[in-house]
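Student: This is the content of coords-v7.cif (mmCIF, C-alpha atoms, pLDDT in the B column; chains and numbers go by the auth columns):
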data_coords
#
loop_
_atom_site.group_PDB
_atom_site.id
_atom_site.type_symbol
_atom_site.label_atom_id
_atom_site.label_comp_id
_atom_site.label_asym_id
_atom_site.label_seq_id
_atom_site.Cartn_x
_atom_site.Cartn_y
_atom_site.Cartn_z
_atom_site.B_iso_or_equiv
_atom_site.auth_seq_id
_atom_site.auth_asym_id
ATOM 1 C CA MET A 1 3.328 4.885 -12.658 77.00 25 N
ATOM 2 C CA SER A 2 6.064 3.901 -15.068 82.00 26 N
ATOM 3 C CA PRO A 3 7.982 0.613 -14.881 83.00 27 N
ATOM 4 C CA ARG A 4 11.025 2.543 -13.606 84.00 28 N
ATOM 5 C CA ASP A 5 8.954 4.145 -10.846 88.00 29 N
ATOM 6 C CA ARG A 6 7.499 0.779 -9.839 90.00 30 N
ATOM 7 C CA ALA A 7 10.975 -0.791 -9.785 91.00 31 N
ATOM 8 C CA LEU A 8 12.306 1.942 -7.509 92.00 32 N
ATOM 9 C CA HIS A 9 9.315 1.593 -5.165 93.00 33 N
ATOM 10 C CA ARG A 10 9.772 -2.209 -5.078 93.00 34 N
ATOM 11 C CA HIS A 11 13.483 -1.834 -4.337 94.00 35 N
ATOM 12 C CA ALA A 12 12.817 0.647 -1.528 95.00 36 N
ATOM 13 C CA GLN A 13 10.154 -1.655 -0.078 94.00 37 N
ATOM 14 C CA ALA A 14 12.558 -4.615 -0.164 94.00 38 N
ATOM 15 C CA VAL A 15 15.238 -2.578 1.637 94.00 39 N
ATOM 16 C CA LEU A 16 12.678 -1.448 4.215 94.00 40 N
ATOM 17 C CA GLU A 17 11.538 -5.017 4.863 93.00 41 N
ATOM 18 C CA GLN A 18 15.135 -6.180 5.247 93.00 42 N
ATOM 19 C CA GLU A 19 15.935 -3.381 7.683 92.00 43 N
ATOM 20 C CA LEU A 20 12.778 -4.020 9.705 91.00 44 N
ATOM 21 C CA LEU A 21 13.756 -7.685 9.981 91.00 45 N
ATOM 22 C CA ARG A 22 17.169 -6.646 11.251 91.00 46 N
ATOM 23 C CA ALA A 23 15.548 -4.331 13.807 90.00 47 N
ATOM 24 C CA ARG A 24 12.970 -6.865 15.063 87.00 48 N
ATOM 25 C CA LYS A 25 14.952 -7.702 18.213 86.00 49 N
ATOM 26 C CA ARG A 26 15.167 -4.049 19.188 88.00 50 N
ATOM 27 C CA LEU A 27 11.543 -3.461 18.278 88.00 51 N
ATOM 28 C CA ALA A 28 10.334 -6.529 20.181 89.00 52 N
ATOM 29 C CA ASP A 29 10.241 -4.548 23.430 90.00 53 N
ATOM 30 C CA LEU A 30 7.581 -2.239 22.017 91.00 54 N
ATOM 31 C CA PRO A 31 3.913 -3.097 22.420 93.00 55 N
ATOM 32 C CA ASP A 32 2.501 -4.668 19.240 91.00 56 N
ATOM 33 C CA GLU A 33 0.392 -1.612 18.400 94.00 57 N
ATOM 34 C CA ARG A 34 3.361 0.762 18.706 94.00 58 N
ATOM 35 C CA ARG A 35 5.616 -1.524 16.667 93.00 59 N
ATOM 36 C CA SER A 36 2.954 -1.794 13.978 92.00 60 N
ATOM 37 C CA ALA A 37 2.467 1.990 13.967 94.00 61 N
ATOM 38 C CA LEU A 38 6.230 2.493 13.700 92.00 62 N
ATOM 39 C CA GLU A 39 6.446 0.073 10.762 93.00 63 N
ATOM 40 C CA ASP A 40 3.494 1.737 8.998 94.00 64 N
ATOM 41 C CA THR A 41 4.945 5.206 9.500 95.00 65 N
ATOM 42 C CA THR A 42 8.345 4.061 8.274 95.00 66 N
ATOM 43 C CA ALA A 43 6.752 2.585 5.140 95.00 67 N
ATOM 44 C CA ARG A 44 4.952 5.879 4.436 96.00 68 N
ATOM 45 C CA VAL A 45 8.196 7.834 4.898 97.00 69 N
ATOM 46 C CA VAL A 46 10.065 5.515 2.533 95.00 70 N
ATOM 47 C CA ALA A 47 7.321 5.859 -0.096 95.00 71 N
ATOM 48 C CA ALA A 48 7.396 9.660 0.272 96.00 72 N
ATOM 49 C CA VAL A 49 11.188 9.719 -0.121 96.00 73 N
ATOM 50 C CA VAL A 50 10.928 7.617 -3.292 95.00 74 N
ATOM 51 C CA ASP A 51 8.201 9.894 -4.676 95.00 75 N
ATOM 52 C CA SER A 52 10.367 12.940 -3.910 96.00 76 N
ATOM 53 C CA MET A 53 13.338 11.353 -5.670 94.00 77 N
ATOM 54 C CA LEU A 54 11.206 10.631 -8.724 93.00 78 N
ATOM 55 C CA ASP A 55 9.845 14.186 -8.763 94.00 79 N
ATOM 56 C CA GLU A 56 13.351 15.603 -8.457 94.00 80 N
ATOM 57 C CA SER A 57 14.597 13.331 -11.251 92.00 81 N
ATOM 58 C CA ARG A 58 12.133 15.026 -13.586 90.00 82 N
ATOM 59 C CA ARG A 59 13.895 18.345 -12.905 93.00 83 N
ATOM 60 C CA GLU A 60 17.469 17.154 -12.405 92.00 84 N
ATOM 61 C CA PRO A 61 19.077 15.415 -15.413 91.00 85 N
ATOM 62 C CA ALA A 62 21.947 13.905 -13.390 93.00 86 N
ATOM 63 C CA LEU A 63 19.527 12.182 -11.025 92.00 87 N
ATOM 64 C CA ALA A 64 17.396 11.011 -13.954 90.00 88 N
ATOM 65 C CA ARG A 65 20.484 9.474 -15.592 90.00 89 N
ATOM 66 C CA ALA A 66 21.513 7.794 -12.336 92.00 90 N
ATOM 67 C CA LEU A 67 18.066 6.274 -11.832 91.00 91 N
ATOM 68 C CA ALA A 68 17.950 5.183 -15.480 89.00 92 N
ATOM 69 C CA SER A 69 21.310 3.443 -15.090 91.00 93 N
ATOM 70 C CA ILE A 70 19.920 1.427 -12.169 90.00 94 N
ATOM 71 C CA TYR A 71 16.223 0.967 -12.922 88.00 95 N
ATOM 72 C CA GLY A 72 16.037 1.500 -16.679 83.00 96 N
ATOM 73 C CA PRO A 73 14.997 4.531 -18.685 77.00 97 N
ATOM 74 C CA GLU A 74 11.722 6.308 -18.350 69.00 98 N
ATOM 75 C CA PRO A 75 9.559 5.090 -21.232 62.00 99 N
ATOM 76 C CA ALA A 76 9.218 7.586 -24.054 58.00 100 N
ATOM 77 C CA TRP A 77 5.844 9.166 -24.529 56.00 101 N
ATOM 78 C CA GLU A 78 4.029 7.503 -27.378 53.00 102 N
ATOM 79 C CA PRO A 79 1.033 9.130 -28.976 56.00 103 N
ATOM 80 C CA ARG A 80 -1.893 6.805 -29.185 56.00 104 N
ATOM 81 C CA VAL A 81 -4.392 6.741 -31.991 59.00 105 N
ATOM 82 C CA PHE A 82 -7.915 5.776 -31.161 59.00 106 N
ATOM 83 C CA SER A 83 -10.500 5.035 -33.748 58.00 107 N
ATOM 84 C CA TRP A 84 -14.041 5.990 -32.998 61.00 108 N
ATOM 85 C CA ALA A 85 -16.816 4.125 -34.683 61.00 109 N
ATOM 86 C CA ALA A 86 -19.181 6.374 -36.570 58.00 110 N
ATOM 87 C CA ASP A 87 -22.565 6.658 -34.934 49.00 111 N
#
Step by step, read the file and then write its structure as C-alpha coordinates.

Tutor:
Amino acid sequence: MSPRDRALHRHAQAVLEQELLRARKRLADLPDERRSALEDTTARVVAAVVDSMLDESRREPALARALASIYGPEPAWEPRVFSWAAD
(Lines of atoms letter the chains of each structure in order from A and count residues from 1; the text may use other names and numbers.)
(Lines give C-alpha, C1' and ligand atoms only; values in the text may rest on other atoms or scores of the structure.)
Protein backbone atom coordinates (compact mmCIF):
# COMPACT_ATOMS: atom_id res chain seq x y z
CA MET A 1 0.00 0.00 0.00
CA SER A 2 1.41 3.36 -1.00
CA PRO A 3 1.75 6.32 1.38
CA ARG A 4 -1.17 8.00 -0.43
CA ASP A 5 -3.35 4.92 0.05
CA ARG A 6 -2.44 4.72 3.73
CA ALA A 7 -3.20 8.43 4.20
CA LEU A 8 -6.63 8.06 2.63
CA HIS A 9 -7.41 5.01 4.79
CA ARG A 10 -6.26 6.88 7.92
CA HIS A 11 -8.40 9.89 7.01
CA ALA A 12 -11.46 7.71 6.41
CA GLN A 13 -10.88 5.92 9.71
CA ALA A 14 -10.60 9.24 11.56
CA VAL A 15 -13.88 10.45 10.00
CA LEU A 16 -15.55 7.16 10.92
CA GLU A 17 -14.38 7.39 14.53
CA GLN A 18 -15.61 10.98 14.77
CA GLU A 19 -19.01 10.07 13.35
CA LEU A 20 -19.34 7.06 15.65
CA LEU A 21 -18.59 9.30 18.63
CA ARG A 22 -21.32 11.67 17.48
CA ALA A 23 -23.75 8.76 17.14
CA ARG A 24 -22.95 7.17 20.53
CA LYS A 25 -26.06 8.59 22.21
CA ARG A 26 -28.31 7.14 19.53
CA LEU A 27 -26.42 3.86 19.53
CA ALA A 28 -26.47 3.57 23.33
CA ASP A 29 -29.94 2.00 23.21
CA LEU A 30 -28.60 -0.97 21.27
CA PRO A 31 -27.28 -4.00 23.12
CA ASP A 32 -23.46 -3.96 23.30
CA GLU A 33 -23.09 -6.86 20.87
CA ARG A 34 -25.31 -5.20 18.25
CA ARG A 35 -23.56 -1.84 18.64
CA SER A 36 -20.19 -3.53 18.28
CA ALA A 37 -21.38 -5.44 15.21
CA LEU A 38 -22.72 -2.22 13.70
CA GLU A 39 -19.41 -0.44 14.30
CA ASP A 40 -17.42 -3.34 12.82
CA THR A 41 -19.65 -3.51 9.76
CA THR A 42 -19.44 0.24 9.28
CA ALA A 43 -15.63 0.08 9.45
CA ARG A 44 -15.57 -2.66 6.80
CA VAL A 45 -17.88 -0.63 4.54
CA VAL A 46 -15.70 2.46 4.91
CA ALA A 47 -12.56 0.45 4.08
CA ALA A 48 -14.30 -1.05 1.02
CA VAL A 49 -15.38 2.40 -0.18
CA VAL A 50 -11.80 3.68 0.17
CA ASP A 51 -10.45 0.66 -1.71
CA SER A 52 -13.02 1.24 -4.47
CA MET A 53 -12.03 4.90 -4.72
CA LEU A 54 -8.37 3.94 -5.01
CA ASP A 55 -9.13 1.34 -7.68
CA GLU A 56 -11.20 3.85 -9.62
CA SER A 57 -8.44 6.47 -9.34
CA ARG A 58 -6.16 4.11 -11.24
CA ARG A 59 -8.60 4.24 -14.17
CA GLU A 60 -9.91 7.79 -13.84
CA PRO A 61 -7.30 10.56 -14.20
CA ALA A 62 -9.53 13.28 -12.70
CA LEU A 63 -10.03 11.27 -9.52
CA ALA A 64 -6.31 10.47 -9.37
CA ARG A 65 -5.49 14.18 -9.63
CA ALA A 66 -8.04 15.05 -6.93
CA LEU A 67 -6.64 12.45 -4.54
CA ALA A 68 -3.08 13.57 -5.30
CA SER A 69 -4.02 17.17 -4.51
CA ILE A 70 -5.27 16.08 -1.07
CA TYR A 71 -3.09 13.12 -0.10
CA GLY A 72 -0.01 13.56 -2.27
CA PRO A 73 0.98 11.89 -5.51
CA GLU A 74 1.25 8.19 -6.02
CA PRO A 75 4.96 7.36 -5.80
CA ALA A 76 6.58 6.70 -9.15
CA TRP A 77 7.65 3.16 -9.85
CA GLU A 78 11.37 2.81 -9.32
CA PRO A 79 13.24 -0.15 -10.69
CA ARG A 80 15.35 -1.82 -8.08
CA VAL A 81 18.69 -3.41 -8.71
CA PHE A 82 19.63 -6.37 -6.61
CA SER A 83 23.07 -7.82 -6.54
CA TRP A 84 23.38 -11.53 -6.09
CA ALA A 85 26.52 -12.91 -4.61
CA ALA A 86 28.19 -15.49 -6.79
CA ASP A 87 27.93 -18.99 -5.40

Student: Can you measure atom CA of N:Leu54 to atom CA of N:Ala36 for me? One decimal in Å is fine.

Tutor: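 Spanning atom CA of N:Leu54 to atom CA of N:Ala36 is a straight-line distance of 24.3 Å.
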
Student: Please indicate the distance in Å from atom CA of N:Asp29 to atom CA of N:Val70, rounded to one decimal place.

Tutor: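 One can read the atom CA of N:Asp29 to atom CA of N:Val70 distance as 13.5 Å.
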
Student: Quick one: residues within 12 Å of N:Leu62, only C-alpha atoms, excluding same-chain residues fewer than 5 positions away - as a list in words?

Tutor: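 So the residues in contact are Leu44, Ala47, Arg48, Leu51, Ala52, Leu54, Pro55, Asp56, Glu57, Ala67, Arg68 and Val69 of chain N.
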
Student: Suppose we keep C-alpha atoms; can you now write the selection as a PDB file, keeping the file's coordinate frame?

Tutor:
ATOM      1  CA  LEU N  44      12.778  -4.020   9.705  1.00 91.00           C
ATOM      2  CA  ALA N  47      15.548  -4.331  13.807  1.00 90.00           C
ATOM      3  CA  ARG N  48      12.970  -6.865  15.063  1.00 87.00           C
ATOM      4  CA  LEU N  51      11.543  -3.461  18.278  1.00 88.00           C
ATOM      5  CA  ALA N  52      10.334  -6.529  20.181  1.00 89.00           C
ATOM      6  CA  LEU N  54       7.581  -2.239  22.017  1.00 91.00           C
ATOM      7  CA  PRO N  55       3.913  -3.097  22.420  1.00 93.00           C
ATOM      8  CA  ASP N  56       2.501  -4.668  19.240  1.00 91.00           C
ATOM      9  CA  GLU N  57       0.392  -1.612  18.400  1.00 94.00           C
ATOM     10  CA  ALA N  67       6.752   2.585   5.140  1.00 95.00           C
ATOM     11  CA  ARG N  68       4.952   5.879   4.436  1.00 96.00           C
ATOM     12  CA  VAL N  69       8.196   7.834   4.898  1.00 97.00           C
TER      13      VAL N  69
END

Student: Of the candidates N:Leu32, N:Val73, N:Ala38, N:Ala61, which shows the shortest atom-to-atom distance to N:Tyr95, using all atoms listed in the file?

Tutor: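 With all atoms listed in the file as the atom set, the closest residue is N:Leu32.
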
Student: Quick one, how far is atom CA of N:Met25 from atom CA of N:Glu41?

Tutor: 21.7 Å

Student: Can you tell me, as lines of an AutoDock Vina configuration file, the centre and edge lengths (Å, one decimal) of the axis-aligned box enclosing all of stretch 36-49 of chain N's listed atoms after padding each side by 6 Å?

Tutor:
center_x = 13.7
center_y = -3.5
center_z = 8.3
size_x = 19.0
size_y = 20.3
size_z = 31.7

Student: Specify as a list in words each residue included when the PyMOL selection byres ((chain N and resi 91) around 12) is applied to this file.

Tutor: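 For this structure, the PyMOL selection byres ((chain N and resi 91) around 12) resolves to Pro27, Arg28, Asp29, Ala31, Leu32, His33, His35, Val74, Met77, Leu78, Asp79, Glu80, Ser81, Arg82, Glu84, Pro85, Ala86, Leu87, Ala88, Arg89, Ala90, Ala92, Ser93, Ile94, Tyr95, Gly96, Pro97 and Glu98 of chain N.
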